[in-house]
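Notes follow once the structure below has been shown.
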Amino acid sequence: MSCIFCDIVSGEAESFVVASDERAVAFLDINPFANGHTLVVPTRHVTDLLDSADVLSDIAPVLHEAAGLLVDRLGADGINVFQSSGAAAGQEVFHLHMHLLPRWHGDGLLQDLVGTPSAVDDLERLHHRLTAR
Ligand code: AMP
Ligand code: ZN
């Protein structure tokens, strides 16, 4: 099965790599939400968060390095890190990737994500469903 991010890791497909080691590659997103929007992928093919217990530790050093570049080189004031697992969550490329979204004060991104206070009863029920044995 072909995978565009495996092709980027191998160098078969073009990309703008900003950081890498033997376990992970960080490259610029071709359809950025903001200037400097970067993706970090494991070099091994992992579909999503449910696919591997240790993939996050594999990509952690490159994630950290790329985040530093966004602050040091682009002057980002902050960074959002997010990951979509599954089509319902908006995943379009099924090779796990973390999005690094540089943020600037007042940039207005992600304004629709507003929390709704939860009743304690609801939290108790959820807690039970998640932890009952
Ligand atoms: P997701 O919706 O979380 O699966 O995100 C997929 C991301 O991959 C999107 O932000 C795309 O713009 C990005 N993308 C897809 N193909 C490429 C590519 N060849 N090089 C860089 N970014 C890509
Ligand atoms: Zn892949």
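We label chains A, B, ... in the order they appear in the structure tokens, count residues from 1 in each chain, and number ligands from 1 in the order shown.
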Contact table chain A vs ligand 2, cut-off 7 Å, shortest pair per residue, only C-alpha atoms and all ligand atoms, as a tab-separated table:
```
residue	atom	partner	partner_atom_place_in_ligand_line	distance
A:Cys3	CA	ligand 2	1 (Zn)	4.5
A:Ile4	CA	ligand 2	1 (Zn)	6.5
A:Phe5	CA	ligand 2	1 (Zn)	5.0
A:Cys6	CA	ligand 2	1 (Zn)	3.9
A:Arg44	CA	ligand 2	1 (Zn)	6.9
A:His45	CA	ligand 2	1 (Zn)	4.2
A:Val46	CA	ligand 2	1 (Zn)	6.7
A:His95	CA	ligand 2	1 (Zn)	4.6
```
Which residues are near stretch 17-30 of chain A? Cut-off 6 Å, only C-alpha atoms, ignore same chain within fewer than 5 positions. Put them as a PDB file with all heavy atoms, in the first residue's frame.
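In the end it all went to out_15.pdb:
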```
ATOM      1  N   HIS A  37       3.505  25.882   9.846  1.00  0.00           N
ATOM      2  CA  HIS A  37       2.789  24.642  10.220  1.00  0.00           C
ATOM      3  C   HIS A  37       3.638  23.435   9.784  1.00  0.00           C
ATOM      4  O   HIS A  37       3.966  23.296   8.610  1.00  0.00           O
ATOM      5  CB  HIS A  37       1.431  24.650   9.519  1.00  0.00           C
ATOM      6  CG  HIS A  37       0.526  23.503   9.839  1.00  0.00           C
ATOM      7  ND1 HIS A  37      -0.782  23.484   9.425  1.00  0.00           N
ATOM      8  CD2 HIS A  37       0.711  22.331  10.507  1.00  0.00           C
ATOM      9  CE1 HIS A  37      -1.362  22.373   9.826  1.00  0.00           C
ATOM     10  NE2 HIS A  37      -0.472  21.646  10.471  1.00  0.00           N
ATOM     11  N   THR A  38       3.996  22.617  10.751  1.00  0.00           N
ATOM     12  CA  THR A  38       4.960  21.528  10.534  1.00  0.00           C
ATOM     13  C   THR A  38       4.351  20.205  10.962  1.00  0.00           C
ATOM     14  O   THR A  38       3.564  20.148  11.916  1.00  0.00           O
ATOM     15  CB  THR A  38       6.240  21.831  11.357  1.00  0.00           C
ATOM     16  OG1 THR A  38       6.827  23.027  10.853  1.00  0.00           O
ATOM     17  CG2 THR A  38       7.253  20.704  11.288  1.00  0.00           C
ATOM     18  N   LEU A  39       4.694  19.131  10.258  1.00  0.00           N
ATOM     19  CA  LEU A  39       4.249  17.785  10.618  1.00  0.00           C
ATOM     20  C   LEU A  39       5.449  16.985  11.098  1.00  0.00           C
ATOM     21  O   LEU A  39       6.551  17.118  10.550  1.00  0.00           O
ATOM     22  CB  LEU A  39       3.623  17.078   9.415  1.00  0.00           C
ATOM     23  CG  LEU A  39       2.431  17.785   8.766  1.00  0.00           C
ATOM     24  CD1 LEU A  39       1.970  16.995   7.539  1.00  0.00           C
ATOM     25  CD2 LEU A  39       1.282  17.964   9.748  1.00  0.00           C
ATOM     26  N   VAL A  40       5.229  16.166  12.108  1.00  0.00           N
ATOM     27  CA  VAL A  40       6.286  15.272  12.605  1.00  0.00           C
ATOM     28  C   VAL A  40       5.777  13.849  12.504  1.00  0.00           C
ATOM     29  O   VAL A  40       4.716  13.522  13.054  1.00  0.00           O
ATOM     30  CB  VAL A  40       6.667  15.612  14.062  1.00  0.00           C
ATOM     31  CG1 VAL A  40       7.810  14.710  14.533  1.00  0.00           C
ATOM     32  CG2 VAL A  40       7.058  17.081  14.189  1.00  0.00           C
ATOM     33  N   VAL A  41       6.524  13.007  11.784  1.00  0.00           N
ATOM     34  CA  VAL A  41       6.089  11.622  11.556  1.00  0.00           C
ATOM     35  C   VAL A  41       7.166  10.652  12.030  1.00  0.00           C
ATOM     36  O   VAL A  41       8.362  10.955  11.963  1.00  0.00           O
ATOM     37  CB  VAL A  41       5.809  11.350  10.054  1.00  0.00           C
ATOM     38  CG1 VAL A  41       4.782  12.325   9.511  1.00  0.00           C
ATOM     39  CG2 VAL A  41       7.075  11.390   9.213  1.00  0.00           C
ATOM     40  N   PRO A  42       6.740   9.465  12.496  1.00  0.00           N
ATOM     41  CA  PRO A  42       7.736   8.420  12.765  1.00  0.00           C
ATOM     42  C   PRO A  42       8.270   7.884  11.443  1.00  0.00           C
ATOM     43  O   PRO A  42       7.541   7.850  10.440  1.00  0.00           O
ATOM     44  CB  PRO A  42       6.929   7.344  13.505  1.00  0.00           C
ATOM     45  CG  PRO A  42       5.516   7.551  13.062  1.00  0.00           C
ATOM     46  CD  PRO A  42       5.364   9.024  12.768  1.00  0.00           C
ATOM     47  N   THR A  43       9.529   7.450  11.424  1.00  0.00           N
ATOM     48  CA  THR A  43      10.089   6.895  10.182  1.00  0.00           C
ATOM     49  C   THR A  43       9.468   5.536   9.863  1.00  0.00           C
ATOM     50  O   THR A  43       9.388   5.157   8.708  1.00  0.00           O
ATOM     51  CB  THR A  43      11.622   6.765  10.265  1.00  0.00           C
ATOM     52  OG1 THR A  43      11.960   6.020  11.429  1.00  0.00           O
ATOM     53  CG2 THR A  43      12.291   8.128  10.318  1.00  0.00           C
ATOM     54  N   ASP A  58       9.153   7.747  20.296  1.00  0.00           N
ATOM     55  CA  ASP A  58      10.024   7.747  19.106  1.00  0.00           C
ATOM     56  C   ASP A  58      10.127   9.136  18.486  1.00  0.00           C
ATOM     57  O   ASP A  58      11.187   9.537  18.003  1.00  0.00           O
ATOM     58  CB  ASP A  58       9.467   6.811  18.022  1.00  0.00           C
ATOM     59  CG  ASP A  58       9.726   5.345  18.319  1.00  0.00           C
ATOM     60  OD1 ASP A  58      10.457   5.045  19.278  1.00  0.00           O
ATOM     61  OD2 ASP A  58       9.180   4.503  17.578  1.00  0.00           O
ATOM     62  N   ILE A  59       9.018   9.850  18.454  1.00  0.00           N
ATOM     63  CA  ILE A  59       9.035  11.134  17.742  1.00  0.00           C
ATOM     64  C   ILE A  59       9.330  12.328  18.668  1.00  0.00           C
ATOM     65  O   ILE A  59       9.542  13.438  18.177  1.00  0.00           O
ATOM     66  CB  ILE A  59       7.720  11.387  16.957  1.00  0.00           C
ATOM     67  CG1 ILE A  59       6.534  11.572  17.898  1.00  0.00           C
ATOM     68  CG2 ILE A  59       7.468  10.279  15.954  1.00  0.00           C
ATOM     69  CD1 ILE A  59       5.246  11.926  17.160  1.00  0.00           C
ATOM     70  N   VAL A  62      12.464  14.848  17.935  1.00  0.00           N
ATOM     71  CA  VAL A  62      12.317  15.679  16.732  1.00  0.00           C
ATOM     72  C   VAL A  62      11.173  16.681  16.907  1.00  0.00           C
ATOM     73  O   VAL A  62      11.249  17.828  16.467  1.00  0.00           O
ATOM     74  CB  VAL A  62      12.125  14.796  15.472  1.00  0.00           C
ATOM     75  CG1 VAL A  62      11.699  15.636  14.275  1.00  0.00           C
ATOM     76  CG2 VAL A  62      13.419  14.056  15.161  1.00  0.00           C
TER      77      VAL A  62
END
```
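Put simply, atom CA of A:Arg129 is 24.3 Å away from atom CA of A:Val114.
Of note, atom CA of A:Leu69 and atom CA of A:Ala87 are spaced 29.8 Å apart.
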Problem set entry | Within 8 Å of ligand 1, counting only C-alpha atoms and all ligand atoms, residues as a ChimeraX atom specification | /A:4-5,8,13-16,27-33,39,83-85,90-99
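Nearest to A:Asn80 of all the residues A:Val9, A:Leu110, A:Leu100, A:Ala66 is A:Leu100, counting only C-alpha atoms.
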For this session: Give the strand (DSSP E or B) residues of chain A, as DSSP finds them on the backbone, and put them as a list of chain:residue names.
Result: A:Val17, A:Val18, A:Ala19, A:Ser20, A:Ala24, A:Val25, A:Ala26, A:Phe27, A:Leu28, A:Thr38, A:Leu39, A:Val40, A:Val41, A:Pro42, A:Gly78, A:Ile79, A:Asn80, A:Val81, A:Phe82, A:Met98, A:His99, A:Leu100, A:Leu101, A:Pro102, A:Arg103
Dump of N, CA and C atoms for the selected residues, as a short mmCIF file (atom, residue, chain, number, x, y, z; two decimals), in the first residue's frame:
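The resulting file, part26.cif, is reproduced below:
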```
data_model
loop_
_atom_site.label_atom_id
_atom_site.label_comp_id
_atom_site.auth_asym_id
_atom_site.auth_seq_id
_atom_site.Cartn_x
_atom_site.Cartn_y
_atom_site.Cartn_z
N VAL A 17 12.16 19.23 4.73
CA VAL A 17 12.49 18.68 6.06
C VAL A 17 13.20 19.74 6.89
N VAL A 18 12.74 19.92 8.14
CA VAL A 18 13.37 20.91 9.01
C VAL A 18 14.14 20.28 10.16
N ALA A 19 13.83 19.01 10.47
CA ALA A 19 14.56 18.30 11.53
C ALA A 19 14.33 16.81 11.32
N SER A 20 15.31 16.00 11.73
CA SER A 20 15.12 14.55 11.59
C SER A 20 16.14 13.81 12.44
N ALA A 24 12.36 9.75 13.41
CA ALA A 24 11.29 10.71 13.07
C ALA A 24 11.78 11.77 12.08
N VAL A 25 10.82 12.33 11.35
CA VAL A 25 11.12 13.41 10.41
C VAL A 25 10.09 14.52 10.61
N ALA A 26 10.56 15.75 10.62
CA ALA A 26 9.66 16.93 10.68
C ALA A 26 9.77 17.67 9.35
N PHE A 27 8.64 17.98 8.75
CA PHE A 27 8.64 18.69 7.46
C PHE A 27 7.46 19.65 7.40
N LEU A 28 7.56 20.61 6.49
CA LEU A 28 6.51 21.63 6.38
C LEU A 28 5.25 21.05 5.76
N THR A 38 4.00 22.62 10.75
CA THR A 38 4.96 21.53 10.53
C THR A 38 4.35 20.21 10.96
N LEU A 39 4.69 19.13 10.26
CA LEU A 39 4.25 17.79 10.62
C LEU A 39 5.45 16.99 11.10
N VAL A 40 5.23 16.17 12.11
CA VAL A 40 6.29 15.27 12.60
C VAL A 40 5.78 13.85 12.50
N VAL A 41 6.52 13.01 11.78
CA VAL A 41 6.09 11.62 11.56
C VAL A 41 7.17 10.65 12.03
N PRO A 42 6.74 9.46 12.50
CA PRO A 42 7.74 8.42 12.77
C PRO A 42 8.27 7.88 11.44
N GLY A 78 3.81 30.95 20.68
CA GLY A 78 3.34 29.71 21.30
C GLY A 78 3.14 28.66 20.22
N ILE A 79 2.79 27.45 20.63
CA ILE A 79 2.62 26.35 19.68
C ILE A 79 1.47 25.46 20.14
N ASN A 80 0.60 25.08 19.21
CA ASN A 80 -0.37 24.02 19.47
C ASN A 80 0.16 22.74 18.84
N VAL A 81 0.02 21.64 19.57
CA VAL A 81 0.37 20.32 19.04
C VAL A 81 -0.91 19.52 18.99
N PHE A 82 -1.24 18.96 17.82
CA PHE A 82 -2.43 18.12 17.76
C PHE A 82 -2.22 16.97 16.79
N MET A 98 2.06 14.28 13.99
CA MET A 98 1.69 15.34 14.92
C MET A 98 1.76 16.65 14.15
N HIS A 99 0.74 17.47 14.33
CA HIS A 99 0.77 18.82 13.75
C HIS A 99 1.40 19.76 14.78
N LEU A 100 2.34 20.55 14.33
CA LEU A 100 2.91 21.62 15.16
C LEU A 100 2.44 22.93 14.53
N LEU A 101 1.59 23.62 15.25
CA LEU A 101 1.00 24.85 14.71
C LEU A 101 1.55 26.05 15.49
N PRO A 102 2.43 26.82 14.83
CA PRO A 102 2.96 28.00 15.53
C PRO A 102 1.84 29.03 15.72
N ARG A 103 1.87 29.68 16.86
CA ARG A 103 0.83 30.65 17.18
C ARG A 103 1.44 32.01 17.53
#
```
For this session: Write down as a ChimeraX atom specification the residues belonging to chain A that are assigned alpha helix (DSSP H) by DSSP computed on the backbone.
Result: /A:4-10,55-72,120-131
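For the atom pair formed by atom CA of A:Gly86 and atom CA of A:Leu49, the distance is 9.0 Å, given to one decimal.
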